[in-house]
$ cat run25.csv   # CSV, C-alpha atoms and all ligand atoms
chain,number,residue,atom,x,y,z
A,1,MET,CA,-0.4,-2.7,-0.5
A,2,ASN,CA,-2.8,-5.4,0.7
A,3,ILE,CA,-2.3,-8.8,2.2
A,4,LYS,CA,-4.4,-11.2,0.3
A,5,MET,CA,-7.4,-12.3,2.4
A,6,THR,CA,-6.4,-15.1,4.7
A,7,LYS,CA,-8.4,-17.6,6.8
A,8,ILE,CA,-7.2,-17.8,10.4
A,9,THR,CA,-9.8,-20.3,11.4
A,10,GLU,CA,-13.1,-21.5,9.9
A,11,SER,CA,-14.9,-18.4,11.2
A,12,VAL,CA,-12.1,-15.8,11.4
A,13,THR,CA,-10.7,-14.1,8.3
A,14,TYR,CA,-7.7,-11.7,8.3
A,15,ALA,CA,-8.4,-8.4,6.5
A,16,GLY,CA,-5.3,-6.3,7.2
A,17,VAL,CA,-3.5,-3.6,5.4
A,18,LEU,CA,0.3,-3.4,5.1
A,19,ASN,CA,2.3,-0.2,5.5
A,20,PRO,CA,5.9,-1.4,4.8
A,21,GLY,CA,7.2,2.1,4.4
A,22,MET,CA,6.4,3.5,7.8
A,23,ARG,CA,9.5,4.5,9.6
A,24,THR,CA,8.1,6.5,12.5
A,25,PHE,CA,5.1,5.7,14.7
A,26,ASP,CA,3.5,8.2,17.1
A,27,VAL,CA,6.4,10.7,16.4
A,28,ILE,CA,8.7,9.0,18.9
A,29,MET,CA,9.1,5.4,17.8
A,30,HIS,CA,11.4,4.4,15.0
A,31,THR,CA,9.9,1.6,13.0
A,32,GLU,CA,12.6,0.0,10.8
A,33,TYR,CA,10.3,-2.7,9.5
A,34,GLY,CA,7.1,-0.8,8.8
A,35,THR,CA,3.8,-2.1,10.2
A,36,SER,CA,0.5,-3.7,9.4
A,37,TYR,CA,-3.0,-2.6,10.5
A,38,ASN,CA,-4.6,-5.9,11.2
A,39,SER,CA,-8.4,-6.2,11.0
A,40,TYR,CA,-10.4,-9.4,11.2
A,41,VAL,CA,-13.9,-10.6,10.2
A,42,VAL,CA,-15.6,-13.1,12.5
A,43,ASP,CA,-18.6,-15.0,11.0
A,44,GLY,CA,-21.3,-16.6,13.1
A,45,SER,CA,-24.4,-18.3,11.6
A,46,GLU,CA,-26.5,-15.2,12.3
A,47,LYS,CA,-24.2,-12.3,12.7
A,48,THR,CA,-20.9,-11.0,11.5
A,49,ALA,CA,-18.4,-8.8,13.3
A,50,ILE,CA,-15.4,-6.8,12.2
A,51,ILE,CA,-12.6,-6.6,14.8
A,52,GLU,CA,-10.5,-3.4,14.6
A,53,ALA,CA,-10.6,-1.0,11.7
A,54,SER,CA,-7.6,0.7,10.0
A,55,HIS,CA,-5.5,3.9,9.6
A,56,ILE,CA,-7.3,6.7,7.8
A,57,SER,CA,-4.6,6.9,5.2
A,58,PHE,CA,-5.4,3.4,4.0
A,59,GLY,CA,-9.2,3.7,3.8
A,60,ASN,CA,-9.4,2.6,0.1
A,61,ALA,CA,-7.1,-0.4,0.6
A,62,TYR,CA,-9.1,-1.3,3.7
A,63,LYS,CA,-12.4,-1.1,1.9
A,64,GLY,CA,-11.1,-3.5,-0.7
A,65,ILE,CA,-9.9,-6.1,1.7
A,66,ILE,CA,-12.8,-5.8,4.2
A,67,ASP,CA,-15.3,-6.3,1.3
A,68,GLU,CA,-13.4,-9.3,0.2
A,69,ALA,CA,-13.3,-10.8,3.7
A,70,LEU,CA,-17.0,-10.1,4.2
A,71,GLY,CA,-17.9,-11.9,1.0
A,72,GLY,CA,-21.0,-9.9,0.4
A,73,LYS,CA,-22.3,-10.0,4.0
A,74,THR,CA,-23.2,-6.8,5.9
A,75,PRO,CA,-21.4,-6.6,9.2
A,76,ASP,CA,-23.5,-6.2,12.3
A,77,TYR,CA,-20.7,-5.2,14.7
A,78,LEU,CA,-17.4,-3.3,14.7
A,79,ILE,CA,-15.5,-4.4,17.7
A,80,LEU,CA,-12.9,-1.8,18.7
A,81,ASN,CA,-10.5,-3.2,21.3
A,82,HIS,CA,-8.7,0.2,21.4
A,83,THR,CA,-9.3,3.5,19.7
A,84,GLU,CA,-5.9,4.9,18.9
A,85,PRO,CA,-6.3,6.4,15.4
A,86,ASP,CA,-4.1,3.8,13.7
A,87,HIS,CA,-7.1,1.5,14.3
A,88,SER,CA,-10.0,3.9,14.5
A,89,GLY,CA,-9.0,6.3,11.7
A,90,CYS,CA,-11.3,4.5,9.3
A,91,VAL,CA,-14.3,4.3,11.7
A,92,LYS,CA,-15.9,7.4,10.1
A,93,GLN,CA,-15.8,5.6,6.7
A,94,VAL,CA,-16.9,2.2,8.2
A,95,VAL,CA,-20.1,3.8,9.5
A,96,GLN,CA,-20.7,5.4,6.1
A,97,TRP,CA,-20.1,2.0,4.3
A,98,PHE,CA,-22.3,0.2,6.9
A,99,PRO,CA,-24.7,2.7,8.4
A,100,TYR,CA,-26.4,0.2,10.8
A,101,ILE,CA,-23.2,-1.2,12.2
A,102,GLU,CA,-23.0,-1.3,16.0
A,103,ILE,CA,-19.7,-0.2,17.6
A,104,VAL,CA,-18.7,-2.5,20.5
A,105,CYS,CA,-16.2,-1.1,22.9
A,106,THR,CA,-15.5,0.0,26.5
A,107,LYS,CA,-17.1,3.1,28.0
A,108,ALA,CA,-13.7,4.9,27.8
A,109,ALA,CA,-13.4,4.0,24.1
A,110,SER,CA,-16.8,5.4,23.4
A,111,ILE,CA,-15.9,8.7,24.9
A,112,TYR,CA,-12.6,8.9,22.9
A,113,LEU,CA,-14.3,7.7,19.7
A,114,LYS,CA,-16.9,10.5,19.8
A,115,ASN,CA,-14.0,13.0,19.7
A,116,ILE,CA,-11.9,11.0,17.2
A,117,THR,CA,-14.8,10.9,14.7
A,118,ASN,CA,-16.5,14.2,15.7
A,119,ASN,CA,-19.7,12.2,15.6
A,120,ASP,CA,-22.1,12.2,18.6
A,121,SER,CA,-24.6,9.8,17.0
A,122,LEU,CA,-22.4,6.7,16.7
A,123,ASN,CA,-24.3,3.5,17.5
A,124,PHE,CA,-22.5,2.1,20.5
A,125,LYS,CA,-22.8,-1.1,22.5
A,126,ILE,CA,-20.7,-0.6,25.6
A,127,VAL,CA,-19.2,-3.7,27.1
A,128,LYS,CA,-17.2,-4.7,30.1
A,129,THR,CA,-15.5,-7.8,31.5
A,130,GLY,CA,-18.0,-10.7,31.5
A,131,ASP,CA,-20.1,-9.5,28.6
A,132,GLU,CA,-20.7,-11.6,25.6
A,133,LEU,CA,-22.0,-11.2,22.1
A,134,ASP,CA,-23.7,-14.2,20.3
A,135,LEU,CA,-23.0,-14.3,16.6
A,136,GLY,CA,-24.8,-17.7,16.2
A,137,GLY,CA,-22.6,-20.6,17.1
A,138,LYS,CA,-19.8,-18.2,17.8
A,139,THR,CA,-19.5,-16.1,20.9
A,140,LEU,CA,-17.4,-13.0,21.5
A,141,GLN,CA,-16.4,-12.5,25.1
A,142,PHE,CA,-14.9,-9.3,26.4
A,143,TYR,CA,-12.2,-8.6,29.0
A,144,ALA,CA,-11.3,-5.1,30.0
A,145,ALA,CA,-7.5,-4.7,29.7
A,146,PRO,CA,-6.9,-1.1,30.7
A,147,PHE,CA,-3.6,0.6,29.9
A,148,LEU,CA,-2.7,-2.0,27.3
A,149,HIS,CA,-2.0,0.5,26.2
A,150,TRP,CA,-4.7,3.2,26.7
A,151,PRO,CA,-7.3,3.3,29.4
A,152,ASP,CA,-9.9,2.2,26.8
A,153,SER,CA,-8.3,-1.2,25.9
A,154,MET,CA,-10.0,-4.6,26.0
A,155,PHE,CA,-9.4,-8.1,24.7
A,156,THR,CA,-12.0,-10.0,22.7
A,157,TYR,CA,-12.1,-13.8,23.0
A,158,LEU,CA,-13.7,-16.3,20.7
A,159,PRO,CA,-13.8,-19.5,22.7
A,160,GLN,CA,-15.1,-21.9,20.1
A,161,ASP,CA,-12.0,-21.2,17.9
A,162,LYS,CA,-9.7,-20.5,20.9
A,163,VAL,CA,-8.7,-17.2,19.4
A,164,ALA,CA,-8.0,-14.0,21.4
A,165,PHE,CA,-8.0,-10.5,19.7
A,166,THR,CA,-5.6,-8.4,21.8
A,167,CYS,CA,-5.1,-5.3,19.6
A,168,ASP,CA,-1.7,-3.8,20.4
A,169,PHE,CA,-0.9,-6.3,23.1
A,170,LEU,CA,1.7,-8.9,21.8
A,171,GLY,CA,1.8,-7.1,18.5
A,172,SER,CA,4.8,-5.7,16.6
A,173,HIS,CA,5.5,-3.0,14.1
A,174,TYR,CA,6.7,-5.5,11.6
A,175,CYS,CA,5.6,-6.0,8.1
A,176,GLU,CA,5.8,-9.0,5.9
A,177,PRO,CA,3.3,-10.2,3.3
A,178,GLN,CA,2.7,-13.4,5.3
A,179,VAL,CA,0.1,-13.4,8.0
A,180,PHE,CA,1.1,-16.2,10.4
A,181,ASP,CA,4.2,-16.2,12.7
A,182,THR,CA,5.3,-19.6,11.3
A,183,ASP,CA,5.7,-18.0,7.9
A,184,VAL,CA,7.9,-15.0,9.0
A,185,THR,CA,10.9,-14.8,6.6
A,186,TYR,CA,13.3,-12.9,8.9
A,187,PRO,CA,12.7,-14.2,12.5
A,188,LYS,CA,15.5,-12.2,14.1
A,189,LYS,CA,14.2,-8.9,12.6
A,190,TYR,CA,10.8,-9.8,13.9
A,191,ILE,CA,12.0,-10.4,17.4
A,192,ASP,CA,14.0,-7.2,17.3
A,193,SER,CA,10.9,-5.3,16.3
A,194,LEU,CA,8.9,-7.0,19.0
A,195,LYS,CA,11.3,-5.8,21.7
A,196,ASN,CA,11.4,-2.3,20.3
A,197,TYR,CA,7.6,-2.3,20.2
A,198,TYR,CA,7.4,-3.5,23.8
A,199,ASP,CA,10.0,-0.9,25.0
A,200,CYS,CA,8.2,2.0,23.3
A,201,ILE,CA,4.5,1.0,23.9
A,202,PHE,CA,4.3,-1.3,26.9
A,203,ALA,CA,7.4,-0.7,29.1
A,204,PRO,CA,5.7,2.1,31.0
A,205,PHE,CA,2.8,-0.3,31.9
A,206,LYS,CA,4.5,-3.3,33.3
A,207,PRO,CA,1.9,-4.2,36.0
A,208,TYR,CA,-0.8,-4.0,33.4
A,209,VAL,CA,1.1,-6.2,31.0
A,210,LEU,CA,1.3,-8.9,33.8
A,211,SER,CA,-2.5,-8.5,34.3
A,212,GLY,CA,-3.0,-8.9,30.5
A,213,LEU,CA,-0.9,-12.1,30.5
A,214,ASP,CA,-3.0,-13.4,33.4
A,215,ILE,CA,-6.2,-12.8,31.4
A,216,LEU,CA,-4.8,-14.7,28.4
A,217,ASN,CA,-3.4,-17.5,30.6
A,218,SER,CA,-6.9,-17.9,32.2
A,219,LEU,CA,-8.3,-18.7,28.7
A,220,ASP,CA,-7.8,-21.6,26.4
A,221,VAL,CA,-6.0,-19.7,23.6
A,222,GLU,CA,-4.3,-21.2,20.6
A,223,ILE,CA,-4.2,-18.2,18.4
A,224,VAL,CA,-3.6,-14.5,19.3
A,225,CYS,CA,-4.7,-12.0,16.6
A,226,PRO,CA,-3.0,-8.7,17.4
A,227,SER,CA,-3.6,-5.5,15.5
A,228,HIS,CA,0.0,-5.2,14.2
A,229,GLY,CA,2.4,-7.8,12.9
A,230,PRO,CA,2.1,-11.5,12.6
A,231,VAL,CA,-0.7,-13.6,14.0
A,232,LEU,CA,0.7,-15.7,16.8
A,233,THR,CA,0.0,-19.4,17.1
A,234,SER,CA,0.6,-22.0,19.7
A,235,GLY,CA,2.7,-24.0,17.2
A,236,GLY,CA,4.7,-20.8,16.4
A,237,ASN,CA,5.7,-17.9,18.5
A,238,LEU,CA,2.8,-17.5,20.9
A,239,ASN,CA,4.5,-18.9,24.0
A,240,THR,CA,7.8,-17.3,23.1
A,241,VAL,CA,6.2,-13.8,22.9
A,242,LYS,CA,4.2,-14.3,26.1
A,243,ASP,CA,7.4,-15.5,27.9
A,244,ALA,CA,9.2,-12.4,26.6
A,245,TYR,CA,6.5,-10.1,27.8
A,246,LEU,CA,6.6,-11.8,31.2
A,247,GLU,CA,10.4,-11.5,31.5
A,248,TRP,CA,10.4,-7.9,30.3
A,249,SER,CA,7.6,-6.9,32.7
A,250,THR,CA,8.9,-8.7,35.8
A,251,VAL,CA,10.8,-6.3,38.0
A,252,VAL,CA,13.9,-8.0,39.4
A,253,GLU,CA,14.8,-6.9,42.9
A,254,ARG,CA,18.3,-5.4,42.9
A,255,GLU,CA,20.8,-6.4,45.7
A,256,ASN,CA,22.0,-2.8,45.9
A,257,VAL,CA,20.5,0.6,45.4
A,258,LEU,CA,21.0,2.3,42.0
A,259,ILE,CA,21.7,6.0,42.3
A,260,PRO,CA,23.2,7.4,39.1
A,261,ILE,CA,24.7,10.9,39.0
A,262,PHE,CA,24.2,12.7,35.7
A,263,TYR,CA,25.8,16.0,34.9
A,264,CYS,CA,27.1,18.4,32.3
A,265,SER,CA,30.3,20.3,32.9
A,266,ALA,CA,32.0,22.9,30.7
A,267,TYR,CA,35.2,23.4,32.8
A,268,GLY,CA,35.2,20.5,35.1
A,269,ASN,CA,33.7,22.2,38.2
A,270,THR,CA,30.4,20.4,38.2
A,271,LYS,CA,32.3,17.2,37.5
A,272,LYS,CA,34.3,17.7,40.7
A,273,ILE,CA,31.2,18.3,42.7
A,274,ALA,CA,29.6,15.2,41.1
A,275,GLN,CA,32.5,13.1,42.3
A,276,ALA,CA,32.3,14.6,45.8
A,277,VAL,CA,28.6,13.9,46.0
A,278,GLN,CA,29.3,10.4,44.9
A,279,LYS,CA,31.7,9.9,47.8
A,280,GLY,CA,29.0,11.0,50.2
A,281,ILE,CA,26.4,8.6,48.8
A,282,LEU,CA,28.9,5.7,49.0
A,283,GLN,CA,29.5,6.5,52.7
A,284,ILE,CA,25.8,5.8,53.3
A,285,PHE,CA,25.4,3.0,50.8
A,286,PRO,CA,28.9,1.4,50.4
A,287,ASN,CA,27.6,-1.1,47.8
A,288,ALA,CA,25.4,1.2,45.9
A,289,GLU,CA,25.6,1.3,42.1
A,290,CYS,CA,26.5,5.0,42.1
A,291,GLU,CA,28.5,6.1,39.0
A,292,THR,CA,28.9,9.6,37.6
A,293,TYR,CA,27.9,10.2,34.0
A,294,ASN,CA,29.0,13.2,32.0
A,295,ILE,CA,25.9,13.1,29.8
A,296,LYS,CA,27.5,14.1,26.5
A,297,ASN,CA,30.0,11.2,26.7
A,298,HIS,CA,27.3,8.5,26.9
A,299,ASN,CA,24.7,7.0,24.7
A,300,ILE,CA,21.4,8.6,25.7
A,301,ALA,CA,19.5,5.3,25.5
A,302,GLU,CA,22.0,3.8,28.1
A,303,LEU,CA,21.4,6.8,30.4
A,304,ALA,CA,17.7,6.7,29.9
A,305,GLY,CA,17.7,3.0,31.1
A,306,LEU,CA,19.5,4.1,34.2
A,307,LEU,CA,17.2,7.1,34.7
A,308,ASN,CA,14.1,5.1,34.4
A,309,GLY,CA,15.3,2.1,36.4
A,310,CYS,CA,17.0,3.7,39.3
A,311,ASP,CA,16.0,4.1,42.9
A,312,ALA,CA,17.0,7.8,43.0
A,313,PHE,CA,19.3,10.0,40.9
A,314,LEU,CA,21.2,13.3,41.0
A,315,LEU,CA,21.4,15.8,38.3
A,316,GLY,CA,24.0,18.5,37.7
A,317,PRO,CA,22.5,21.0,35.2
A,318,LEU,CA,24.7,23.4,33.3
A,319,THR,CA,23.5,26.9,32.5
A,320,ILE,CA,24.6,28.7,29.4
A,321,ASN,CA,23.0,32.0,28.4
A,322,ARG,CA,20.3,31.7,31.1
A,323,ASP,CA,19.1,28.3,30.0
A,324,VAL,CA,19.9,24.7,30.6
A,325,VAL,CA,22.1,23.0,28.0
A,326,PRO,CA,20.4,20.6,25.6
A,327,PRO,CA,21.9,17.3,26.9
A,328,ILE,CA,20.0,17.9,30.2
A,329,TRP,CA,16.7,18.4,28.4
A,330,GLN,CA,17.5,15.4,26.1
A,331,LEU,CA,18.0,13.1,29.1
A,332,LEU,CA,14.8,14.3,30.8
A,333,ALA,CA,12.9,14.0,27.5
A,334,HIS,CA,13.6,10.2,27.9
A,335,ALA,CA,12.1,10.1,31.4
A,336,ASP,CA,9.3,7.6,31.6
A,337,ALA,CA,6.7,10.1,32.9
A,338,ILE,CA,4.3,7.4,33.8
A,339,ASN,CA,6.6,5.9,36.4
A,340,MET,CA,8.8,8.9,37.4
A,341,ALA,CA,6.4,10.1,40.1
A,342,LYS,CA,7.9,10.1,43.6
A,343,ARG,CA,11.4,9.2,42.3
A,344,SER,CA,13.9,10.9,44.6
A,345,VAL,CA,16.2,13.4,42.9
A,346,ALA,CA,18.6,16.2,43.9
A,347,LEU,CA,20.3,19.0,42.0
A,348,PHE,CA,23.9,20.0,42.4
A,349,GLY,CA,26.6,21.8,40.4
A,350,SER,CA,28.6,24.9,39.7
A,351,PHE,CA,27.3,28.0,38.0
A,352,GLY,CA,28.9,31.2,36.6
A,353,TRP,CA,26.6,34.2,36.4
A,354,SER,CA,23.1,33.5,37.7
A,355,GLY,CA,22.5,29.7,37.3
A,356,GLU,CA,19.0,29.7,35.9
A,357,GLY,CA,19.6,26.0,34.9
A,358,PHE,CA,18.8,24.9,38.5
A,359,ALA,CA,15.3,26.5,38.5
A,360,HIS,CA,14.5,25.4,35.0
A,361,THR,CA,15.5,21.8,35.7
A,362,ALA,CA,13.7,21.8,39.0
A,363,MET,CA,10.5,22.9,37.2
A,364,ARG,CA,10.8,20.0,34.7
A,365,LEU,CA,11.4,17.5,37.6
A,366,GLN,CA,8.3,18.8,39.3
A,367,GLN,CA,6.3,18.4,36.1
A,368,LEU,CA,7.5,14.7,36.2
A,369,LYS,CA,6.2,14.6,39.8
A,370,CYS,CA,9.6,13.6,41.1
A,371,ASN,CA,10.4,13.8,44.8
A,372,LEU,CA,12.7,16.8,44.5
A,373,TYR,CA,15.1,17.1,47.4
A,374,ASP,CA,14.6,20.6,49.0
A,375,GLU,CA,18.2,21.4,49.3
A,376,GLN,CA,20.2,22.2,46.1
A,377,PHE,CA,24.0,22.2,46.3
A,378,LYS,CA,25.4,25.1,44.3
A,379,VAL,CA,28.9,26.6,44.0
A,380,ASN,CA,29.7,29.8,42.2
A,381,PHE,CA,32.4,29.0,39.6
A,382,VAL,CA,35.3,26.9,41.1
A,383,PRO,CA,34.7,24.8,44.2
A,384,THR,CA,37.1,25.1,47.1
A,385,GLU,CA,38.2,22.2,49.2
A,386,GLU,CA,35.7,23.3,51.7
A,387,ASP,CA,33.0,23.3,49.0
A,388,LEU,CA,33.9,19.7,48.0
A,389,ALA,CA,33.8,18.6,51.7
A,390,ASN,CA,30.3,20.2,51.9
A,391,ALA,CA,29.3,18.3,48.7
A,392,VAL,CA,30.3,15.0,50.3
A,393,ALA,CA,28.1,16.0,53.3
A,394,PHE,CA,25.3,16.9,50.9
A,395,GLY,CA,25.5,13.5,49.2
A,396,LYS,CA,25.3,11.8,52.6
A,397,ARG,CA,22.2,13.9,53.5
A,398,PHE,CA,20.5,13.1,50.3
A,399,ALA,CA,21.3,9.4,50.5
A,400,GLN,CA,19.7,9.2,53.9
A,401,THR,CA,16.4,10.3,52.4
A,402,VAL,CA,16.4,7.5,49.8
A,501,LIG,FE1,-1.8,0.4,17.4
A,501,LIG,FE2,-2.2,2.0,20.4
A,501,LIG,O1,-2.4,1.7,18.6
$ encode --input "run25.csv" --output "structure tokens" --more "lines below"
Ligand code: FEO
Amino acid sequence: MNIKMTKITESVTYAGVLNPGMRTFDVIMHTEYGTSYNSYVVDGSEKTAIIEASHISFGNAYKGIIDEALGGKTPDYLILNHTEPDHSGCVKQVVQWFPYIEIVCTKAASIYLKNITNNDSLNFKIVKTGDELDLGGKTLQFYAAPFLHWPDSMFTYLPQDKVAFTCDFLGSHYCEPQVFDTDVTYPKKYIDSLKNYYDCIFAPFKPYVLSGLDILNSLDVEIVCPSHGPVLTSGGNLNTVKDAYLEWSTVVERENVLIPIFYCSAYGNTKKIAQAVQKGILQIFPNAECETYNIKNHNIAELAGLLNGCDAFLLGPLTINRDVVPPIWQLLAHADAINMAKRSVALFGSFGWSGEGFAHTAMRLQQLKCNLYDEQFKVNFVPTEEDLANAVAFGKRFAQTV
């Protein structure tokens, strides 16, 4: 399904492909509203550039729309702001269609692209912040934008038309046949998809998001052309979306420390220890946000928010048949591995036979590069009053390390 060719400005033409049926992106992201793979053609008086390509599954549709947008011209450049295969999947075909095309990208992108296309003889033009490309009356300026959202990412700016091409940044997995934000039929669904997109793609990279906004705000931009979802305009959603990214990426200082205690408990023994540990923590931090969470009784997204936003946490793993029970793995599968390094964590709980769950969980926490407290508080089967008093003391000791 194609969008019909659409003029963005006098020199910029939209040439994207729609994928309304996509329901999962990158394995982990649910995409209720499909997506678009946005590509653009920029015409100067002497040269023509394509910005972004498309997903390999849509090569034929992409060829149709890009030919229409080129209007018989042969493109000189393919600007790749980012090389994830939803944009670079068609590069192999693009270089077959246009054998003399020069691929303009960052150094990191060129390395990735060789291995994405399995082609060592691509014709690269490596650019960095400050570099420009003259198309004849139209200039493309490049700004490195690492980790938005891969290390390869950059923005391309067309000052004469006040247009920025930001690839994934400010985009959305949202699919409507209209190109401009002002024509979106279901604005609430669009905003929902924008937030979901931010949470899944950009939330781990908040400092880089703020840097990306700084770049855009330093330029005179009236239109942002992302690689997914509607084109953003100053008369439409551009400022709303930038403000949302700013709000979502600004870390608000908490008044009190947040130390959630997660656990699983088959017979209530680990639960008792969790409550005792909680008492110990509250003796050190009386105003701490320190609740206990029996994992299976809570929404995993809610717990993931606590896990990824806390100052420190404790985990009570449950062992059954020599392994950790799935809810523990499920919680840790939601850990933001980019930002979990050095997060203080301690393990506690009851075990029956041999308690392998502690070692298995510790290994996962070490993989996440957490700051794992040396001491683990373990009780065989049912904790005594003395055990619970020791658990309080353990909670105090751990809290003093936070
Ligand atoms: Fe749309 Fe990171 O790719």
$ closest_residue --input "run25.csv" --among "A:Tyr208, A:Phe25, A:Phe398, A:Tyr293" --to "ligand LIG 501 (chain A)" --atoms "only C-alpha atoms and all ligand atoms"
A:Phe25
$ residues_near_ligand --input "run25.csv" --ligand "ligand LIG 501 (chain A)" --cutoff "7 Å" --atoms "only C-alpha atoms and all ligand atoms" --output "ChimeraX atom specification"
/A:82,84-87,149-150,167-168,227-228
$ closest_residue --input "run25.csv" --among "A:Asn237, A:Gln278, A:Thr139, A:Ser218" --to "Val184 (chain A)" --atoms "only C-alpha atoms"
A:Asn237
$ atom_distance --input "run25.csv" --atom1 "CA of Gly136 (chain A)" --atom2 "CA of Val231 (chain A)"
24.5 Å
$ closest_residue --input "run25.csv" --among "A:Asp243, A:Val95, A:Glu52, A:Tyr14" --to "Leu70 (chain A)" --atoms "only C-alpha atoms"
A:Tyr14
$ atom_distance --input "run25.csv" --atom1 "CA of Asp181 (chain A)" --atom2 "CA of Val224 (chain A)"
10.4 Å
$ residues_around --input "run25.csv" --residues "Leu122 (chain A)" --least-positions-apart "3" --cutoff "8 Å" --atoms "all atoms listed in the file" --output "list in words"
Ile103, Lys114 and Asn119 of chain A
$ write_last_selection --input "run25.csv" --atoms "C-alpha atoms" --output "PDB file, in the coordinates of the input"
ATOM      1  CA  ILE A 103     -19.700  -0.200  17.600  1.00  0.00           C
ATOM      2  CA  LYS A 114     -16.900  10.500  19.800  1.00  0.00           C
ATOM      3  CA  ASN A 119     -19.700  12.200  15.600  1.00  0.00           C
TER       4      ASN A 119
END
$ atom_distance --input "run25.csv" --atom1 "CA of Lys128 (chain A)" --atom2 "CA of Gly212 (chain A)"
14.8 Å
$ residues_around --input "run25.csv" --residues "Lys378 (chain A)" --least-positions-apart "3" --cutoff "6 Å" --atoms "all atoms listed in the file" --output "MDAnalysis selection string"
chainID A and resid 348:350
$ residues_around --input "run25.csv" --residues "Leu113 (chain A)" --least-positions-apart "4" --cutoff "8 Å" --atoms "only C-alpha atoms" --output "list in words"
Thr83, Ser88, Ala109, Thr117 and Asn118 of chain A
$ closest_atom_pairs --input "run25.csv" --of "region 32-84 of chain A" --to "region 189-195 of chain A" --cutoff "12 Å" --atoms "all atoms listed in the file" --output "tab-separated table"
residue	atom	partner	partner_atom	distance
A:Glu32	CA	A:Ser193	CA	7.8
A:Tyr33	CA	A:Ser193	CA	7.3
A:Gly34	CA	A:Ser193	CA	9.5
A:Thr35	CA	A:Ser193	CA	9.9
$ closest_atom_pairs --input "run25.csv" --of "region 189-269 of chain A" --to "region 316-330 of chain A" --cutoff "12 Å" --atoms "only C-alpha atoms" --output "Markdown table"
| residue | atom | partner | partner_atom | distance |
| --- | --- | --- | --- | --- |
| A:Pro260 | CA | A:Gly316 | CA | 11.2 |
| A:Ile261 | CA | A:Gly316 | CA | 7.7 |
| A:Phe262 | CA | A:Gly316 | CA | 6.1 |
| A:Tyr263 | CA | A:Gly316 | CA | 4.2 |
| A:Cys264 | CA | A:Leu318 | CA | 5.6 |
| A:Ser265 | CA | A:Leu318 | CA | 6.4 |
| A:Ala266 | CA | A:Leu318 | CA | 7.8 |
| A:Tyr267 | CA | A:Leu318 | CA | 10.5 |
| A:Gly268 | CA | A:Leu318 | CA | 11.0 |
| A:Asn269 | CA | A:Leu318 | CA | 10.3 |
